[in-house]
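Peer 1: First the structure, which I've put down as structure tokens, then a few questions once you've had a look.
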Amino acid sequence: MKLSKKGKIVVILLLLILLVGGFLLYKVIHFNHAIHDSKNSIESLDSGPEKIKDKKPISIAIFGVDSDATRAKENMGQRTDTILVASINPEKEKTKLISIPRDTRANIAGEGRSEKIAHAYAYGGPKTAIHTIENNFNIPIDGYVTVDMDGFEKLIDIFDGVDVKSNATFSYNGSQFEKGKKTHLDSKKALNYVRSRKEDGAGGDEGRTERQRQVIAELSKKMSQTNNIFKLNKILKVSEQNVKTSFDINSLKTLYSQYKDATTSIDKLSLSGQDLIEDDGIWYFEPDAVDKKEKMESFKKNLSSK
């Protein structure tokens, strides 16, 4: 039977839909395989997907790791440049977000000695880092997300930079920032903005954490607004190469759809303490014991039901 002109168009459209659908299915499967870390068996995280499925409160560790060619070549492992823990309660529609300074002195799980908590990830990846957090801060962790800072620059490039209002006046690595002044950040300048902490005026870990939240918020806004398939493909590629998580794609989708209201009310907490040079001659952050206990109790309280 000979197809009419309209019939041919319908067939072509159906083929295109099948091709696009097949491509998207392939991308989803490939994306899930790329970001889902199934190699690191962490028993304490086994209940995470079930909690998400049942829409229960959940605790997540977020690691921003520093990685470069030199460290990879020397097999030095990745250190956490940023450590955040979040307790997300979809019932109360509230999130508690705590920043743990990378210089915090901690007993490294499985190593039998105290070092900066940033080193835990280098010793044993997310498993050692998570057990170190649980042991030193007496809080449960149900899942984790690790973001390689190398991918951060690539994402900024995809969107031709982001605009932020600087939260401080400081200079870092050739970039200057003025408090309250709106500035356009290209990838290099954005990395300088979110990495600075010890420079005069930078505000230490608390100032840096706030800057990271600013840039992530602007990036998220741009990502949610884009419907350009070429841009989306680039985003997926960058994520595949620079994100690892204990959650599979279905859990991540549920987290986004069922827990997003809880992220509209974020209580941002930072630990009080002192920067001290200890007996080993190394500079550490020592959290105030009373403040630490109060913040962690608040964190855990947000994991309870109404």
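Here's how to read the names in the structure tokens: chain A, B, ... by the order shown, residue numbers from 1 in each chain, ligand numbers from 1 in the order shown.
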Using only C-alpha atoms, tabulate the residues of region 212-254 of chain A lying at most 12 Å from any atom of region 260-264 of chain A, each with its closest atom pair and that distance in Å to one decimal, by chain and increasing residue number, as a Markdown table.
Peer 2:
```
| residue | atom | partner | partner_atom | distance |
| --- | --- | --- | --- | --- |
| A:Ala217 | CA | A:Thr263 | CA | 11.7 |
| A:Leu252 | CA | A:Lys260 | CA | 11.1 |
| A:Lys253 | CA | A:Lys260 | CA | 10.5 |
| A:Thr254 | CA | A:Lys260 | CA | 9.4 |
```
Peer 1: Compile the contact shell of region 118-133 of chain A as a ChimeraX atom specification: residues with an atom at most 7 Å away, counting only C-alpha atoms, same-chain residues fewer than 4 positions apart removed.
Peer 2: /A:40,42,76-81,102-103,107-109,137,141
Peer 1: Work out how far apart CA of Met149 (chain A) and CA of Glu199 (chain A) are and give it in Å to one decimal.
Peer 2: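 Going from CA of Met149 (chain A) over to CA of Glu199 (chain A) covers 19.9 Å.
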Peer 1: Counting only C-alpha atoms, which residue out of A:Ser265, A:Thr209, A:Asn32, A:Asn136 sits closest to Ala289 (chain A)?
Peer 2: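 Nearest candidate to Ala289 (chain A) out of A:Ser265, A:Thr209, A:Asn32, A:Asn136: A:Asn136.
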Peer 1: Per residue of region 109-165 of chain A within 12 Å of region 277-286 of chain A, note the shortest atom pair and the distance in Å to one decimal, counting only C-alpha atoms, and order the rows by chain and increasing residue number, as JSON lines.
Peer 2:
```
{"residue": "A:Arg113", "atom": "CA", "partner": "A:Asp280", "partner_atom": "CA", "distance": 11.9}
{"residue": "A:Ser114", "atom": "CA", "partner": "A:Asp280", "partner_atom": "CA", "distance": 10.3}
{"residue": "A:Glu115", "atom": "CA", "partner": "A:Tyr284", "partner_atom": "CA", "distance": 8.4}
{"residue": "A:Lys116", "atom": "CA", "partner": "A:Tyr284", "partner_atom": "CA", "distance": 6.7}
{"residue": "A:Ile117", "atom": "CA", "partner": "A:Tyr284", "partner_atom": "CA", "distance": 9.5}
{"residue": "A:Ala118", "atom": "CA", "partner": "A:Tyr284", "partner_atom": "CA", "distance": 10.9}
{"residue": "A:Asn136", "atom": "CA", "partner": "A:Glu286", "partner_atom": "CA", "distance": 12.0}
```
Peer 1: Which is closest to Glu153 (chain A) among A:Phe170, A:Gly110, A:Val215, A:Glu206, if we use only C-alpha atoms?
Peer 2: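 Ranked by minimum distance to Glu153 (chain A), first place goes to A:Val215.
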Peer 1: Give me, as a tab-separated table, each residue of region 164-274 of chain A that comes within 10 Å of region 54-69 of chain A, together with its shortest interatomic pair and the distance in Å at one decimal, counting only C-alpha atoms, with rows ordered by chain and rising residue number.
Peer 2:
```
residue	atom	partner	partner_atom	distance
A:Asn242	CA	A:Val65	CA	9.7
A:Val243	CA	A:Gly64	CA	9.6
A:Lys244	CA	A:Phe63	CA	9.7
A:Thr245	CA	A:Ile62	CA	9.2
A:Ser246	CA	A:Ile60	CA	9.8
A:Thr254	CA	A:Lys55	CA	8.5
A:Leu255	CA	A:Lys55	CA	8.5
A:Gln258	CA	A:Lys55	CA	7.1
A:Tyr259	CA	A:Lys55	CA	7.8
A:Ala262	CA	A:Pro57	CA	9.9
```
Peer 1: Assign secondary structure with DSSP using the backbone only, and return the residues of region 95-294 of chain A in strand (DSSP E or B) as an mmCIF file with C-alpha atoms, in the first residue's frame.
Peer 2:
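That gives us states-v6.cif:
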```cif
data_model
loop_
_atom_site.group_PDB
_atom_site.id
_atom_site.type_symbol
_atom_site.label_atom_id
_atom_site.label_comp_id
_atom_site.auth_asym_id
_atom_site.auth_seq_id
_atom_site.Cartn_x
_atom_site.Cartn_y
_atom_site.Cartn_z
ATOM 1 C CA THR A 95 15.645 21.531 56.369
ATOM 2 C CA LYS A 96 18.557 21.887 58.776
ATOM 3 C CA LEU A 97 21.837 22.497 56.962
ATOM 4 C CA ILE A 98 25.115 22.370 58.887
ATOM 5 C CA SER A 99 28.522 23.237 57.482
ATOM 6 C CA THR A 104 37.861 20.286 62.102
ATOM 7 C CA ARG A 105 39.954 17.914 64.174
ATOM 8 C CA ALA A 106 38.337 14.465 64.095
ATOM 9 C CA ASN A 107 39.092 10.822 64.782
ATOM 10 C CA ILE A 108 39.314 9.318 61.291
ATOM 11 C CA ARG A 113 44.253 8.743 64.755
ATOM 12 C CA SER A 114 43.062 12.325 64.698
ATOM 13 C CA GLU A 115 43.464 14.516 61.606
ATOM 14 C CA LYS A 116 41.585 17.218 59.755
ATOM 15 C CA GLY A 143 22.827 8.990 51.878
ATOM 16 C CA TYR A 144 25.418 11.169 50.214
ATOM 17 C CA VAL A 145 26.178 13.241 47.145
ATOM 18 C CA THR A 146 29.757 14.019 46.056
ATOM 19 C CA VAL A 147 30.461 16.837 43.616
ATOM 20 C CA ASP A 148 33.899 17.218 42.043
ATOM 21 C CA VAL A 162 26.334 33.652 36.787
ATOM 22 C CA ASP A 163 25.593 36.970 38.497
ATOM 23 C CA VAL A 164 25.818 37.323 42.291
ATOM 24 C CA LYS A 165 25.959 40.073 44.885
ATOM 25 C CA PHE A 170 38.203 40.425 49.609
ATOM 26 C CA SER A 171 40.736 39.408 46.968
ATOM 27 C CA TYR A 172 41.655 35.876 45.980
ATOM 28 C CA SER A 175 39.952 38.179 41.584
ATOM 29 C CA GLN A 176 38.565 41.117 43.574
ATOM 30 C CA PHE A 177 35.134 41.228 45.199
ATOM 31 C CA LYS A 182 26.740 42.735 41.855
ATOM 32 C CA THR A 183 29.369 40.963 39.796
ATOM 33 C CA HIS A 184 29.420 38.589 36.834
ATOM 34 C CA LEU A 185 31.332 35.382 37.518
ATOM 35 C CA VAL A 243 28.858 13.600 40.486
ATOM 36 C CA LYS A 244 28.624 10.436 42.568
ATOM 37 C CA THR A 245 25.747 9.551 44.877
ATOM 38 C CA ILE A 266 16.370 26.060 55.341
ATOM 39 C CA ASP A 267 17.848 26.705 58.769
ATOM 40 C CA LYS A 268 21.541 27.282 58.015
ATOM 41 C CA LEU A 269 23.737 26.418 60.996
ATOM 42 C CA SER A 270 27.470 26.801 61.479
ATOM 43 C CA GLY A 273 34.757 27.072 67.928
ATOM 44 C CA GLN A 274 38.404 28.096 67.779
ATOM 45 C CA ASP A 275 41.269 27.797 65.315
ATOM 46 C CA LEU A 276 44.193 26.351 67.269
ATOM 47 C CA ILE A 277 47.672 24.994 66.633
ATOM 48 C CA TRP A 283 46.357 24.083 62.584
ATOM 49 C CA TYR A 284 42.877 22.724 63.437
ATOM 50 C CA PHE A 285 39.365 23.955 64.054
ATOM 51 C CA GLU A 286 38.147 22.808 67.466
ATOM 52 C CA PRO A 287 34.324 23.011 67.802
#
```
Peer 1: Rank A:Asp160, A:Glu297, A:Glu240, A:Asp205 by their smallest atom-to-atom distance to Asn138 (chain A), using only C-alpha atoms, and report the top residue only.
Peer 2: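 Looking only at the distances to Asn138 (chain A), the closest residue turns out to be A:Glu297.
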Peer 1: Mind giving me the straight-line distance from CA of Met296 (chain A) to CA of Asn135 (chain A) in Å, one decimal?
Peer 2: 12.3 Å
Peer 1: Measuring between only C-alpha atoms, which one of A:Tyr256, A:Phe299, A:Phe247, A:Phe152 shows the shortest distance to Arg195 (chain A)?
Peer 2: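 For Arg195 (chain A), the nearest of the candidates is A:Phe152.
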Peer 1: Can you pull out every residue from region 11-233 of chain A that DSSP, working from the backbone, puts in alpha helix (DSSP H), and format the result as a PyMOL selection string?
Peer 2: chain A and resi 11-35+48-53+69-73+120-137+149-158+187-195+204-225+229-233
Peer 1: Could you name the residues that touch Gly174 (chain A) at 12 Å or less, counting only C-alpha atoms, but leaving out those on the same chain fewer than 5 positions away, as a PyMOL selection string?
Peer 2: chain A and resi 188-193+196
Peer 1: Kindly indicate which residue among A:Asn173, A:Asn302, A:Gln225, A:Ser272 lies nearest to Gly204 (chain A), using only C-alpha atoms for the distances.
Peer 2: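 Using only C-alpha atoms, the shortest distance to Gly204 (chain A) belongs to A:Ser272.
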Peer 1: Which residues are close to Gln241 (chain A), i.e. within 8 Å by only C-alpha atoms, leaving aside same-chain residues fewer than 5 positions away? Reply as a ChimeraX atom specification.
Peer 2: /A:34-35,151
Peer 1: Pull all heavy atoms from the residues just selected and write them as a PDB file, in the first residue's frame.
Peer 2:
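Resulting contents of out_34.pdb:
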```pdb
ATOM      1  N   ALA A  34      26.250   6.143  35.590  1.00  0.00           N
ATOM      2  CA  ALA A  34      27.426   6.997  35.785  1.00  0.00           C
ATOM      3  C   ALA A  34      27.484   7.629  37.165  1.00  0.00           C
ATOM      4  O   ALA A  34      28.547   7.710  37.776  1.00  0.00           O
ATOM      5  CB  ALA A  34      27.447   8.098  34.715  1.00  0.00           C
ATOM      6  N   ILE A  35      26.340   8.092  37.681  1.00  0.00           N
ATOM      7  CA  ILE A  35      26.377   8.833  38.953  1.00  0.00           C
ATOM      8  C   ILE A  35      26.102   7.960  40.172  1.00  0.00           C
ATOM      9  O   ILE A  35      26.495   8.308  41.288  1.00  0.00           O
ATOM     10  CB  ILE A  35      25.400  10.030  38.956  1.00  0.00           C
ATOM     11  CG1 ILE A  35      23.949   9.548  38.959  1.00  0.00           C
ATOM     12  CG2 ILE A  35      25.663  10.968  37.793  1.00  0.00           C
ATOM     13  CD1 ILE A  35      22.947  10.644  39.262  1.00  0.00           C
ATOM     14  N   GLY A 151      34.052  19.865  37.877  1.00  0.00           N
ATOM     15  CA  GLY A 151      32.832  19.963  37.083  1.00  0.00           C
ATOM     16  C   GLY A 151      32.106  21.273  37.307  1.00  0.00           C
ATOM     17  O   GLY A 151      31.316  21.711  36.456  1.00  0.00           O
TER      18      GLY A 151
END
```
Peer 1: Using only C-alpha atoms, which of A:Lys234, A:His33, A:Lys295, A:Lys53 sits nearest Asp157 (chain A)?
Peer 2: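 Using only C-alpha atoms, the shortest distance to Asp157 (chain A) belongs to A:Lys234.
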